[in-house]
Every structure is written in C-alpha cells, then in structure tokens.
file run24.csv (CSV, C-alpha atoms)
chain,number,residue,atom,x,y,z
A,36,MET,CA,9.7,31.1,33.7
A,37,THR,CA,13.3,31.5,34.9
A,38,ALA,CA,14.2,28.0,36.1
A,39,ALA,CA,15.2,25.4,33.5
A,40,PRO,CA,12.5,22.8,33.3
A,41,ALA,CA,13.2,19.3,34.5
A,42,ASP,CA,14.6,17.0,31.9
A,43,HIS,CA,12.4,14.4,30.2
A,44,ASP,CA,10.8,11.5,32.1
A,45,PRO,CA,13.6,9.3,33.4
A,46,ALA,CA,11.3,6.3,33.7
A,47,LEU,CA,10.5,6.6,30.0
A,48,ARG,CA,14.1,7.0,29.2
A,49,ASP,CA,15.0,3.8,31.1
A,50,ARG,CA,12.2,2.0,29.4
A,51,VAL,CA,13.4,3.0,26.0
A,52,ARG,CA,17.0,1.9,26.8
A,53,VAL,CA,16.0,-1.5,28.1
A,54,CYS,CA,13.7,-2.1,25.2
A,55,ALA,CA,16.4,-1.1,22.7
A,56,LEU,CA,18.9,-3.4,24.3
A,57,LEU,CA,16.4,-6.3,24.2
A,58,THR,CA,15.2,-5.6,20.7
A,59,ALA,CA,18.6,-5.4,19.0
A,60,PRO,CA,19.5,-9.1,19.3
A,61,VAL,CA,15.9,-10.1,18.4
A,62,VAL,CA,16.2,-8.2,15.2
A,63,LEU,CA,19.6,-9.5,14.4
A,64,LEU,CA,18.4,-13.1,14.9
A,65,ALA,CA,15.4,-12.6,12.8
A,66,THR,CA,17.2,-11.0,9.9
A,67,VAL,CA,20.5,-13.0,9.7
A,68,PRO,CA,19.5,-16.6,9.1
A,69,PRO,CA,23.1,-17.9,9.6
A,70,TRP,CA,23.0,-16.7,13.2
A,71,GLN,CA,19.8,-18.6,13.9
A,72,PHE,CA,21.2,-21.3,16.2
A,73,THR,CA,19.3,-24.3,17.4
A,74,HIS,CA,17.0,-22.7,19.9
A,75,TRP,CA,17.2,-19.1,18.6
A,76,GLN,CA,13.4,-18.7,18.5
A,77,TRP,CA,13.0,-19.4,22.2
A,78,VAL,CA,15.8,-16.9,23.0
A,79,SER,CA,14.0,-14.4,20.8
A,80,LEU,CA,10.8,-15.1,22.8
A,81,ALA,CA,12.6,-14.6,26.1
A,82,LEU,CA,14.0,-11.2,24.9
A,83,ALA,CA,10.9,-9.9,23.1
A,84,ALA,CA,8.4,-10.9,25.8
A,85,PRO,CA,9.4,-8.1,28.3
A,86,VAL,CA,9.3,-5.6,25.4
A,87,ALA,CA,5.9,-6.6,24.3
A,88,VAL,CA,4.4,-6.8,27.8
A,89,TRP,CA,6.4,-4.4,30.1
A,90,GLY,CA,7.9,-2.1,27.5
A,91,ALA,CA,4.6,-1.6,25.7
A,92,LEU,CA,2.6,-1.4,28.9
A,93,PRO,CA,2.1,2.4,28.7
A,94,LEU,CA,0.8,2.0,25.1
A,95,HIS,CA,-1.6,-0.9,26.2
A,96,ARG,CA,-2.8,1.2,29.1
A,97,THR,CA,-3.5,4.2,26.9
A,98,ALA,CA,-5.3,2.1,24.3
A,99,LEU,CA,-7.4,0.4,27.0
A,100,ALA,CA,-8.3,3.8,28.6
A,101,HIS,CA,-9.5,5.1,25.3
A,102,LEU,CA,-11.4,1.9,24.5
A,103,ARG,CA,-13.3,2.4,27.8
A,104,HIS,CA,-14.5,5.7,26.3
A,105,ALA,CA,-15.2,4.0,22.9
A,106,ALA,CA,-12.3,6.0,21.4
A,107,THR,CA,-9.1,5.1,19.6
A,108,THR,CA,-5.7,6.7,19.4
A,109,ALA,CA,-2.4,6.0,17.7
A,110,ASP,CA,-1.6,3.8,20.7
A,111,THR,CA,-4.5,1.6,19.8
A,112,LEU,CA,-2.8,0.7,16.5
A,113,VAL,CA,0.6,0.1,18.2
A,114,SER,CA,-1.0,-2.0,21.0
A,115,ALA,CA,-3.0,-4.1,18.5
A,116,ALA,CA,0.0,-4.6,16.3
A,117,VAL,CA,2.2,-5.7,19.2
A,118,LEU,CA,-0.4,-7.9,20.7
A,119,VAL,CA,-1.3,-9.6,17.4
A,120,ALA,CA,2.4,-10.1,16.5
A,121,PHE,CA,3.4,-11.4,19.9
A,122,GLY,CA,0.2,-13.5,20.4
A,123,TRP,CA,0.7,-15.2,17.0
A,124,SER,CA,4.4,-15.8,17.6
A,125,LEU,CA,3.6,-17.4,21.0
A,126,TYR,CA,1.0,-19.6,19.4
A,127,ALA,CA,3.3,-20.6,16.5
A,128,LEU,CA,6.1,-21.4,19.0
A,129,LEU,CA,4.0,-23.4,21.5
A,130,LEU,CA,1.4,-25.0,19.2
A,131,GLY,CA,2.5,-24.3,15.6
A,132,GLY,CA,5.5,-25.3,13.6
A,133,ALA,CA,8.0,-22.7,14.8
A,134,GLY,CA,9.0,-24.4,18.1
A,135,PRO,CA,11.1,-27.4,17.0
A,136,PRO,CA,14.9,-27.1,17.2
A,137,GLY,CA,16.5,-26.0,14.0
A,138,HIS,CA,13.6,-24.0,12.8
A,139,THR,CA,14.7,-21.1,10.6
A,140,HIS,CA,12.9,-18.0,9.5
A,141,PRO,CA,14.4,-16.4,6.5
A,142,PRO,CA,13.1,-12.9,6.0
A,143,GLY,CA,10.8,-13.4,3.0
A,144,ALA,CA,10.2,-11.0,0.1
A,145,ALA,CA,6.6,-12.2,-0.1
A,146,PRO,CA,5.7,-12.9,3.6
A,147,VAL,CA,2.1,-13.8,3.0
A,148,TRP,CA,3.1,-17.0,1.2
A,149,SER,CA,6.3,-17.8,3.0
A,150,GLY,CA,6.2,-20.3,5.8
A,151,ALA,CA,2.8,-19.2,7.1
A,152,GLY,CA,2.8,-21.9,9.8
A,153,GLY,CA,6.2,-21.2,11.1
A,154,ALA,CA,6.4,-17.4,10.8
A,155,ILE,CA,7.1,-15.5,14.0
A,156,HIS,CA,6.9,-11.8,14.3
A,157,LEU,CA,8.6,-11.2,17.6
A,158,ALA,CA,11.2,-8.8,16.1
A,159,ALA,CA,8.5,-6.7,14.5
A,160,GLY,CA,6.5,-6.3,17.7
A,161,ALA,CA,9.7,-5.4,19.7
A,162,THR,CA,10.9,-2.9,17.1
A,163,VAL,CA,7.6,-1.1,16.8
A,164,THR,CA,7.4,-0.8,20.6
A,165,THR,CA,10.9,0.6,20.9
A,166,VAL,CA,10.5,3.1,18.0
A,167,VAL,CA,7.2,4.4,19.4
A,168,LEU,CA,8.6,4.7,22.9
A,169,ALA,CA,11.7,6.5,21.6
A,170,GLY,CA,9.3,8.9,19.8
A,171,ARG,CA,7.5,9.6,23.0
A,172,GLN,CA,10.7,10.3,24.7
A,173,ALA,CA,11.6,12.8,22.0
A,174,GLU,CA,8.2,14.4,22.5
A,175,ALA,CA,8.8,14.7,26.3
A,176,LEU,CA,12.3,16.0,25.7
A,177,ALA,CA,11.0,18.6,23.3
A,178,ARG,CA,8.4,19.8,25.7
A,179,SER,CA,10.8,20.1,28.6
A,180,ARG,CA,13.5,21.8,26.6
A,181,SER,CA,11.2,24.3,24.9
A,182,GLY,CA,9.4,25.2,28.1
A,183,ALA,CA,6.1,24.5,26.4
A,184,ALA,CA,3.3,23.5,28.5
A,185,PRO,CA,2.2,19.9,28.0
A,186,PRO,CA,-0.5,19.9,25.4
A,187,GLN,CA,-3.8,18.4,26.4
A,188,ARG,CA,-3.3,15.8,23.6
A,189,VAL,CA,-0.1,15.0,21.8
A,190,PRO,CA,-0.1,15.6,18.0
A,191,ALA,CA,0.0,11.9,17.2
A,192,ASP,CA,-3.3,11.5,19.0
A,193,ARG,CA,-4.9,14.3,17.1
A,194,ILE,CA,-3.8,12.7,13.8
A,195,GLY,CA,-4.9,9.3,15.1
A,196,ASP,CA,-8.4,10.5,15.7
A,197,ARG,CA,-9.0,10.5,12.0
A,198,SER,CA,-6.8,7.7,10.7
A,199,VAL,CA,-7.0,5.0,13.4
A,200,PRO,CA,-10.5,3.7,12.8
A,201,ALA,CA,-9.9,3.6,9.1
A,202,ALA,CA,-6.6,1.8,9.6
A,203,LEU,CA,-8.3,-0.8,11.9
A,204,VAL,CA,-10.9,-1.4,9.2
A,205,LEU,CA,-8.2,-1.8,6.5
A,206,ALA,CA,-6.2,-4.2,8.7
A,207,ALA,CA,-9.3,-6.3,9.3
A,208,ALA,CA,-10.1,-6.4,5.5
A,209,THR,CA,-6.4,-7.3,4.8
A,210,GLY,CA,-6.4,-10.2,7.3
A,211,GLY,CA,-9.7,-11.5,6.1
A,212,PHE,CA,-8.7,-11.3,2.4
A,213,TRP,CA,-5.4,-13.2,2.8
A,214,LEU,CA,-7.1,-15.8,5.0
A,215,GLY,CA,-9.7,-16.3,2.4
A,216,ALA,CA,-7.1,-16.4,-0.3
A,217,GLY,CA,-5.5,-19.3,1.5
A,218,ALA,CA,-2.3,-17.6,2.7
A,219,GLY,CA,-2.7,-19.3,6.1
A,220,THR,CA,-3.2,-17.7,9.5
A,221,GLY,CA,0.4,-16.7,10.1
A,222,GLY,CA,0.6,-15.0,6.7
A,223,ALA,CA,-2.7,-13.2,7.0
A,224,LEU,CA,-1.9,-12.0,10.5
A,225,GLY,CA,1.5,-10.9,9.3
A,226,ALA,CA,-0.1,-8.8,6.6
A,227,MET,CA,-2.5,-7.4,9.2
A,228,VAL,CA,0.3,-6.4,11.5
A,229,ALA,CA,2.2,-4.8,8.6
A,230,VAL,CA,-0.9,-2.6,7.8
A,231,LEU,CA,-1.3,-1.7,11.5
A,232,VAL,CA,2.4,-0.7,11.8
A,233,VAL,CA,2.6,1.3,8.6
A,234,ALA,CA,-0.7,3.1,9.4
A,235,CYS,CA,0.6,4.2,12.8
A,236,PRO,CA,1.1,7.9,12.7
A,237,CYS,CA,4.4,7.8,14.6
A,238,ALA,CA,6.4,9.9,12.3
A,239,PRO,CA,3.8,12.5,11.7
A,240,GLY,CA,3.4,12.8,15.4
A,241,LEU,CA,7.1,13.3,15.8
A,242,ALA,CA,7.3,16.1,13.2
A,243,ALA,CA,6.5,19.0,15.6
A,244,PRO,CA,8.4,17.8,18.6
A,245,ALA,CA,11.5,17.1,16.5
A,246,ALA,CA,11.5,20.5,14.9
A,247,LEU,CA,10.8,22.2,18.2
A,248,LEU,CA,13.6,20.3,19.9
A,249,VAL,CA,16.2,21.1,17.2
A,250,GLY,CA,15.0,24.7,17.1
A,251,VAL,CA,15.5,25.3,20.8
A,252,SER,CA,18.7,23.3,21.2
A,253,ARG,CA,20.8,26.0,19.5
A,254,GLY,CA,21.6,27.8,22.6
A,255,ALA,CA,18.1,29.3,22.8
A,256,PRO,CA,16.9,29.9,26.3
A,257,PRO,CA,14.0,27.9,27.6
A,258,GLY,CA,10.7,29.4,26.6
A,259,ILE,CA,11.7,31.0,23.3
A,260,ALA,CA,9.5,28.8,21.2
A,261,THR,CA,6.5,29.9,23.2
A,262,ALA,CA,7.6,33.6,23.5
A,263,ASP,CA,7.9,33.2,27.3
A,264,PRO,CA,8.7,36.7,28.7
A,265,GLY,CA,11.2,35.0,31.1
A,266,SER,CA,13.3,33.8,28.2
A,267,GLY,CA,14.9,37.2,27.6
A,268,VAL,CA,14.2,37.0,23.9
A,269,THR,CA,11.8,39.3,22.1
A,270,PRO,CA,8.6,38.0,20.7
A,271,VAL,CA,9.7,38.9,17.2
A,272,ASP,CA,12.7,36.5,17.5
A,273,ALA,CA,10.4,33.9,18.8
A,274,LEU,CA,8.1,34.4,15.9
A,275,ARG,CA,10.9,34.1,13.4
A,276,LEU,CA,12.1,30.9,14.9
A,277,GLY,CA,8.5,29.7,15.2
A,278,GLY,CA,8.0,30.4,11.5
A,279,ARG,CA,11.0,28.3,10.6
A,280,ILE,CA,9.9,25.5,12.9
A,281,HIS,CA,6.4,25.7,11.4
A,282,ALA,CA,7.7,25.4,7.8
A,283,THR,CA,9.9,22.5,8.8
A,284,VAL,CA,7.0,20.7,10.5
A,285,ARG,CA,4.9,21.1,7.4
A,286,GLY,CA,7.7,19.7,5.2
A,287,SER,CA,8.2,16.7,7.6
A,288,LEU,CA,4.5,16.0,7.7
A,289,GLY,CA,4.3,16.0,4.0
A,290,TRP,CA,7.1,13.5,3.6
A,291,ALA,CA,5.9,11.3,6.4
A,292,VAL,CA,2.3,11.1,5.1
A,293,ALA,CA,3.6,10.5,1.5
A,294,TRP,CA,5.8,7.7,2.9
A,295,HIS,CA,2.9,6.0,4.6
A,296,VAL,CA,0.5,6.5,1.7
A,297,VAL,CA,3.0,4.6,-0.5
A,298,ALA,CA,3.7,1.9,2.0
A,299,LEU,CA,0.1,1.2,3.0
A,300,PRO,CA,-1.1,-0.5,-0.2
A,301,VAL,CA,2.2,-2.4,-0.4
A,302,ALA,CA,1.5,-3.8,3.1
A,303,ALA,CA,-2.1,-4.5,2.3
A,304,ALA,CA,-1.0,-6.4,-0.8
A,305,GLY,CA,1.0,-8.8,1.4
A,306,LEU,CA,4.4,-7.6,0.1
A,307,LEU,CA,5.7,-6.2,3.3
A,308,ASP,CA,7.0,-8.4,6.1
A,309,PRO,CA,6.0,-7.1,9.5
A,310,LEU,CA,9.6,-6.4,10.4
A,311,ALA,CA,10.0,-4.6,7.1
A,312,ALA,CA,7.0,-2.5,8.0
A,313,ALA,CA,8.6,-1.7,11.3
A,314,ALA,CA,11.7,-0.7,9.4
A,315,VAL,CA,9.6,1.6,7.2
A,316,MET,CA,8.2,3.2,10.4
A,317,LEU,CA,11.8,3.7,11.7
A,318,LEU,CA,13.0,5.2,8.5
A,319,SER,CA,10.1,7.5,8.4
A,320,CYS,CA,10.9,8.7,11.9
A,321,VAL,CA,14.5,9.1,11.0
A,322,SER,CA,13.6,11.1,7.9
A,323,VAL,CA,11.4,13.4,10.0
A,324,VAL,CA,14.3,14.0,12.5
A,325,GLY,CA,16.7,14.5,9.6
A,326,ASN,CA,14.4,17.1,8.0
A,327,SER,CA,14.1,18.8,11.3
A,328,LEU,CA,17.8,19.4,11.4
A,329,VAL,CA,17.2,22.1,8.8
A,330,VAL,CA,16.0,24.2,11.7
A,331,ARG,CA,19.5,23.8,13.2
A,332,ARG,CA,20.9,25.9,10.4
A,333,VAL,CA,18.4,28.7,10.5
A,334,ALA,CA,17.7,29.0,14.2
A,335,PRO,CA,20.8,31.0,15.1
A,336,ALA,CA,20.2,33.5,12.2
A,337,ALA,CA,16.7,34.0,13.5
A,338,LEU,CA,18.0,34.8,16.9
A,339,VAL,CA,20.7,37.2,15.9
A,340,GLN,CA,18.8,39.2,13.3
A,341,PRO,CA,18.0,42.8,14.4
A,342,THR,CA,14.5,42.9,15.7
A,343,GLY,CA,13.9,46.5,14.7
B,619,MET,CA,-15.2,11.3,19.8
B,620,PRO,CA,-14.7,12.0,23.6
B,621,ASP,CA,-11.6,13.5,24.9
B,622,THR,CA,-10.4,11.5,27.9
B,623,GLU,CA,-8.2,14.3,29.0
B,624,THR,CA,-11.0,16.9,29.3
B,625,ASP,CA,-13.8,14.5,30.0
B,626,PRO,CA,-12.6,11.9,32.4
B,627,ALA,CA,-16.0,10.6,33.1
B,628,GLY,CA,-16.8,10.0,29.5
B,629,PRO,CA,-20.1,8.8,28.0
B,630,PRO,CA,-22.3,6.3,29.9
B,631,THR,CA,-21.1,2.7,30.0
B,632,SER,CA,-24.1,1.5,27.9
B,633,ALA,CA,-23.3,4.0,25.2
B,634,VAL,CA,-19.6,2.9,25.2
B,635,ALA,CA,-20.7,-0.8,24.9
B,636,VAL,CA,-23.0,0.0,22.0
B,637,ARG,CA,-20.4,2.0,20.2
B,638,LEU,CA,-17.6,-0.6,20.8
B,639,GLY,CA,-20.0,-3.4,19.8
B,640,ALA,CA,-21.0,-1.6,16.6
B,641,PHE,CA,-17.3,-1.0,15.7
B,642,LEU,CA,-16.4,-4.6,16.4
B,643,ALA,CA,-19.3,-5.8,14.3
B,644,LEU,CA,-18.1,-3.5,11.5
B,645,LEU,CA,-14.6,-4.9,11.8
B,646,ALA,CA,-16.0,-8.5,11.7
B,647,THR,CA,-18.1,-7.6,8.7
B,648,VAL,CA,-15.2,-6.1,6.8
B,649,ALA,CA,-13.0,-9.1,7.6
B,650,GLY,CA,-15.8,-11.4,6.4
B,651,LEU,CA,-16.1,-9.4,3.2
B,652,GLY,CA,-12.3,-9.5,2.8
B,653,TRP,CA,-12.4,-13.2,3.3
B,654,GLY,CA,-15.0,-13.6,0.6
B,655,ALA,CA,-13.0,-11.4,-1.8
B,656,GLY,CA,-10.0,-13.6,-1.0
B,657,ARG,CA,-11.9,-16.7,-1.8
B,658,VAL,CA,-13.1,-15.2,-5.1
B,659,ALA,CA,-9.6,-14.0,-6.0
B,660,ASN,CA,-7.9,-17.2,-5.2
B,661,PRO,CA,-10.4,-20.1,-5.0
B,662,PRO,CA,-9.2,-23.2,-3.3
B,663,LEU,CA,-8.3,-26.1,-5.5
B,664,PRO,CA,-11.0,-28.8,-5.8
B,665,VAL,CA,-10.4,-31.8,-3.6
B,666,PRO,CA,-10.3,-34.9,-5.7
B,667,ASP,CA,-12.8,-37.6,-4.8
B,668,LEU,CA,-10.3,-40.5,-4.4
B,669,PRO,CA,-11.4,-44.1,-3.9
B,670,THR,CA,-12.0,-44.8,-0.2
B,671,PRO,CA,-9.6,-47.5,1.1
B,672,SER,CA,-11.5,-50.5,2.4
B,673,VAL,CA,-10.5,-53.0,5.1
B,674,LEU,CA,-12.6,-55.7,3.5
B,675,GLY,CA,-10.9,-55.8,0.2
B,676,THR,CA,-9.6,-53.9,-2.7
B,677,GLY,CA,-13.0,-52.7,-4.0
B,678,GLY,CA,-13.9,-49.8,-1.8
B,679,HIS,CA,-16.0,-46.9,-2.9
B,680,ALA,CA,-15.0,-45.7,-6.3
B,681,GLY,CA,-16.0,-42.2,-5.8
B,682,THR,CA,-17.8,-39.9,-8.1
B,683,GLY,CA,-15.2,-37.2,-8.9
B,684,GLU,CA,-12.6,-36.8,-11.5
B,685,HIS,CA,-10.9,-40.0,-10.5
B,686,ALA,CA,-14.1,-42.0,-10.5
B,687,GLY,CA,-13.5,-45.4,-12.0
B,688,GLU,CA,-9.8,-45.3,-11.9
B,689,GLY,CA,-9.6,-47.9,-9.2
B,690,ARG,CA,-11.6,-50.4,-11.0
call {"tool": "encode", "arguments": {"input": "run24.csv", "output": "structure tokens"}}
result
Amino acid sequence: MTAAPADHDPALRDRVRVCALLTAPVVLLATVPPWQFTHWQWVSLALAAPVAVWGALPLHRTALAHLRHAATTADTLVSAAVLVAFGWSLYALLLGGAGPPGHTHPPGAAPVWSGAGGAIHLAAGATVTTVVLAGRQAEALARSRSGAAPPQRVPADRIGDRSVPAALVLAAATGGFWLGAGAGTGGALGAMVAVLVVACPCAPGLAAPAALLVGVSRGAPPGIATADPGSGVTPVDALRLGGRIHATVRGSLGWAVAWHVVALPVAAAGLLDPLAAAAVMLLSCVSVVGNSLVVRRVAPAALVQPTG
Amino acid sequence: MPDTETDPAGPPTSAVAVRLGAFLALLATVAGLGWGAGRVANPPLPVPDLPTPSVLGTGGHAGTGEHAGEGR
C-alpha cells in the first residue's frame, strides 16, 4: 500500500463534535446548582434530546441489529443506559416532580436516596453517548492511520461478548433491589444506569486503538504496524514496535479492567450517581490514552535501532 | 453467539425469539429476586391503622392496629 489511507469517518467526526457541544452545557447545568436557572431542566432536555436520539443513533442501530440475532454487544449496554436515562428523565419532567419552575438537582453523594422523584439523568446519557462516540472515532482514526484493515469486529465487541449479558443481569438485579428497598423508581433506575455505564467496556475497547494510534503517529509510514511491505520499514522494525504496542495494550487493559471492577460494586450499591459513573468511564478512557502515550517515547527508538 | 458480520442471515426468527424471550425472562426473574432481596433488606414501615373519619359524627371506625382505641 503506497497511498495514504483516507482519514477517519468525517460523519462520525461531525457527530462527535455536535454531541460534545451539546453535552458540555448539560453537564455544567447538572453539576453546578447555582447555575440552575428557572427553567434549566427544560433547556437541558432540549440540548440532550438530540444527543440521546440522533447522536446515539449508530449505537441504537447496532444494538438493535444484534438483538435481531439474539446477540448483545457493548453498544447494547450504552444504548440501554442512554434510553433508560433519557426515558426516565422525560417521564420525570413531563409527569414527575422535575418539571416545575425552580426545580433544582444537586449532585448527590448517595443518589439512590436523593430526590428519587425529581432526579433527571440527562447529563449522564449525553456524556456516555459522547464518550463512546469519541472512542469510536479514535478507533477509526487508528485504523486509517495504521493502515490496518478494518477488523471484522472491533475489540470492544469481542470483550462485550462475555461481559454484556452479565452486566445486563447485574443491572436488572440492581434496579429490582433498590426498587424493593424503597428507593423509588428514579433512584432505582439511576443505580441501574450507573451499573450499565460502568460495565460498558469502552476503555478496554480503546486500549488497542489508542496504543496503535500513538505508535504510528511518530512519523512512521502507514502500514508499519501491520508490516505492510509498502511501508518501507523492515518487518523486524514493525515487530519491535508491535511488541511495544502489545505491552502497552496489556497494561492499559489491566488498568481499565481493574478500574471497572472497583467501580461496579460501588455502582450496584447505589453510591454512584449516573453522571459520576459517566465520569468514571471518561476517566478510564483518559487513563488508557495516557498510558498509551508510553508508546510515543519508545516508538522512535524501535524504528532507528539497527535491524541486523 | 452469532456473528452478524460473517453471518448476516443469522439464526431463524423463531430461534431468535425464543432466545430473546428466555433472556428477558431471566432479566425479569433476576429483577424480581432483587426486588425481594430489597424488601427483606429494607422492609417497608408498617402503615398505622388510624381511625377512619366519619361524615356522620366523631365516632368512626376505631381501627385494630397500634392506634386502636386512641380515638375513643
């Protein structure tokens, strides 16, 4: 392969940008109570609705396509989390206690018991959507920059094959438990959304693309990571870089999985607000990207070493 | 688990419906068990059997609960 591959999907890039622009004010309004003006919750709904419906449409479509084959994927968790968060928020605004002017929603430390009737989770649904879409954009970017052929299934899907059904069962048990314990529908659904969000293997799915992207962004020609003969780099160099990338991916996966294993029982215990769960997901993704920057230091050395 | 990329046709519709139904039933069962566990962990407070207001007078039904007899 001699020609540089086309850049990542521009439609996905635009979708991420629009979702990020819409999500930022929703998160600010949800997390800074003094900024919650009289009708802030309706403004949040107007901003978050396009994200939950249009922004997450690729995720909903993938989840539905897999459901038609009685299968689940990481997108199933994200789609369910977004739909539950947005659906409950819509109900709370239209029929519950969150609609009247002057309603405030302080970010609670114990969300299960805090304002179950008036809790809205618009910011959580929008944040999760944006983070997952940004992760997909990074995956597409890594594939195009590295010259790697699109895999039949993305890594997040392969991870999801094992964990998604278990996560759905845990979310159902969590929602049922807190409903039975008298936490109220809003609190129980909030805990359920938190479990779904924390269980989403977004960061583990990002580990390989992030390391690959950083590895091939140090001036390496397209195709090095796959030892493409057209890259002009010997297979030994490619193997060295590949070894570094592989070690980094393993490290990132370890941290990401540990992060989720710790956060999951906290979410099931009702101690994690859905937005806090989304923040955990974001931090986990950021830590994976940060860990992948290690490749940035070793990649040039791998390329200039004598190949014997 | 079928791979939708390599097997676009997938399993027959009836098999998909059975598997989805079984999984949804599992989710409902687990949610029900969770609800039961929640009730056991945090049982609802007993509702006091207060005297029933009567439009005919101040008598009313005195109730049989912990407040029985208080209105008399």
call {"tool": "residues_around", "arguments": {"input": "run24.csv", "residues": "stretch 231-237 of chain A", "least_positions_apart": "5", "cutoff": "7 Å", "atoms": "only C-alpha atoms", "output": "short mmCIF file (atom, residue, chain, number, x, y, z; two decimals) with C-alpha atoms, in the coordinates of the input"}}
result
data_model
loop_
_atom_site.label_atom_id
_atom_site.label_comp_id
_atom_site.auth_asym_id
_atom_site.auth_seq_id
_atom_site.Cartn_x
_atom_site.Cartn_y
_atom_site.Cartn_z
CA ALA A 109 -2.40 6.00 17.70
CA LEU A 112 -2.80 0.70 16.50
CA VAL A 113 0.60 0.10 18.20
CA ALA A 116 0.00 -4.60 16.30
CA VAL A 167 7.20 4.40 19.40
CA ALA A 191 0.00 11.90 17.20
CA ILE A 194 -3.80 12.70 13.80
CA GLY A 195 -4.90 9.30 15.10
CA ALA A 202 -6.60 1.80 9.60
CA ALA A 206 -6.20 -4.20 8.70
CA HIS A 295 2.90 6.00 4.60
CA ALA A 298 3.70 1.90 2.00
CA LEU A 299 0.10 1.20 3.00
CA ALA A 312 7.00 -2.50 8.00
CA ALA A 313 8.60 -1.70 11.30
CA MET A 316 8.20 3.20 10.40
#
call {"tool": "closest_residue", "arguments": {"input": "run24.csv", "among": "A:Pro244, A:Gly219, A:Gly286, A:Pro239", "to": "chain B", "atoms": "only C-alpha atoms"}}
result
A:Gly219
call {"tool": "closest_residue", "arguments": {"input": "run24.csv", "among": "A:Gly211, A:Gly221, A:Gln71, A:Glu174", "to": "chain B", "atoms": "only C-alpha atoms"}}
result
A:Gly211
call {"tool": "residues_around", "arguments": {"input": "run24.csv", "residues": "stretch 652-657 of chain B", "least_positions_apart": "6", "cutoff": "7 Å", "atoms": "all atoms listed in the file", "output": "number ranges by chain"}}
result
A: 208-209, 211-216
call {"tool": "residues_around", "arguments": {"input": "run24.csv", "residues": "A:Tyr126", "least_positions_apart": "6", "cutoff": "12 Å", "atoms": "only C-alpha atoms", "output": "VMD selection string"}}
result
chain A and resid 80 118 to 120 132 to 134 152 to 157 220 to 221
call {"tool": "write_last_selection", "arguments": {"input": "run24.csv", "atoms": "C-alpha atoms", "output": "mmCIF file, in the frame of the given file"}}
result
data_model
loop_
_atom_site.group_PDB
_atom_site.id
_atom_site.type_symbol
_atom_site.label_atom_id
_atom_site.label_comp_id
_atom_site.auth_asym_id
_atom_site.auth_seq_id
_atom_site.Cartn_x
_atom_site.Cartn_y
_atom_site.Cartn_z
ATOM 1 C CA LEU A 80 10.800 -15.100 22.800
ATOM 2 C CA LEU A 118 -0.400 -7.900 20.700
ATOM 3 C CA VAL A 119 -1.300 -9.600 17.400
ATOM 4 C CA ALA A 120 2.400 -10.100 16.500
ATOM 5 C CA GLY A 132 5.500 -25.300 13.600
ATOM 6 C CA ALA A 133 8.000 -22.700 14.800
ATOM 7 C CA GLY A 134 9.000 -24.400 18.100
ATOM 8 C CA GLY A 152 2.800 -21.900 9.800
ATOM 9 C CA GLY A 153 6.200 -21.200 11.100
ATOM 10 C CA ALA A 154 6.400 -17.400 10.800
ATOM 11 C CA ILE A 155 7.100 -15.500 14.000
ATOM 12 C CA HIS A 156 6.900 -11.800 14.300
ATOM 13 C CA LEU A 157 8.600 -11.200 17.600
ATOM 14 C CA THR A 220 -3.200 -17.700 9.500
ATOM 15 C CA GLY A 221 0.400 -16.700 10.100
#
call {"tool": "atom_distance", "arguments": {"input": "run24.csv", "atom1": "atom CA of A:Leu130", "atom2": "atom CA of A:Gln76"}}
result
13.6 Å
call {"tool": "residues_around", "arguments": {"input": "run24.csv", "residues": "A:Thr97", "least_positions_apart": "3", "cutoff": "8 Å", "atoms": "only C-alpha atoms", "output": "list in words"}}
result
Pro93, Leu94, Ala100, His101, Asp110 and Thr111 of chain A
call {"tool": "atom_distance", "arguments": {"input": "run24.csv", "atom1": "atom CA of A:Arg52", "atom2": "atom CA of A:Val324"}}
result
18.9 Å
call {"tool": "atom_distance", "arguments": {"input": "run24.csv", "atom1": "atom CA of A:Arg279", "atom2": "atom CA of A:Ser327"}}
result
10.0 Å
call {"tool": "residues_near_point", "arguments": {"input": "run24.csv", "point": "(-14.3, 2.3, 26.3)", "cutoff": "8 Å", "atoms": "only C-alpha atoms", "output": "PyMOL selection string"}}
result
(chain A and resi 99-106) or (chain B and resi 631+634-635+638)
call {"tool": "write_last_selection", "arguments": {"input": "run24.csv", "atoms": "C-alpha atoms", "output": "PDB file, in the frame of the given file"}}
result
ATOM      1  CA  LEU A  99      -7.400   0.400  27.000  1.00  0.00           C
ATOM      2  CA  ALA A 100      -8.300   3.800  28.600  1.00  0.00           C
ATOM      3  CA  HIS A 101      -9.500   5.100  25.300  1.00  0.00           C
ATOM      4  CA  LEU A 102     -11.400   1.900  24.500  1.00  0.00           C
ATOM      5  CA  ARG A 103     -13.300   2.400  27.800  1.00  0.00           C
ATOM      6  CA  HIS A 104     -14.500   5.700  26.300  1.00  0.00           C
ATOM      7  CA  ALA A 105     -15.200   4.000  22.900  1.00  0.00           C
ATOM      8  CA  ALA A 106     -12.300   6.000  21.400  1.00  0.00           C
TER       9      ALA A 106
ATOM     10  CA  THR B 631     -21.100   2.700  30.000  1.00  0.00           C
ATOM     11  CA  VAL B 634     -19.600   2.900  25.200  1.00  0.00           C
ATOM     12  CA  ALA B 635     -20.700  -0.800  24.900  1.00  0.00           C
ATOM     13  CA  LEU B 638     -17.600  -0.600  20.800  1.00  0.00           C
TER      14      LEU B 638
END
call {"tool": "residues_near_point", "arguments": {"input": "run24.csv", "point": "(12.4, 14.5, 8.6)", "cutoff": "8 Å", "atoms": "all atoms listed in the file", "output": "MDAnalysis selection string"}}
result
chainID A and resid 242 286:287 290:291 319:328
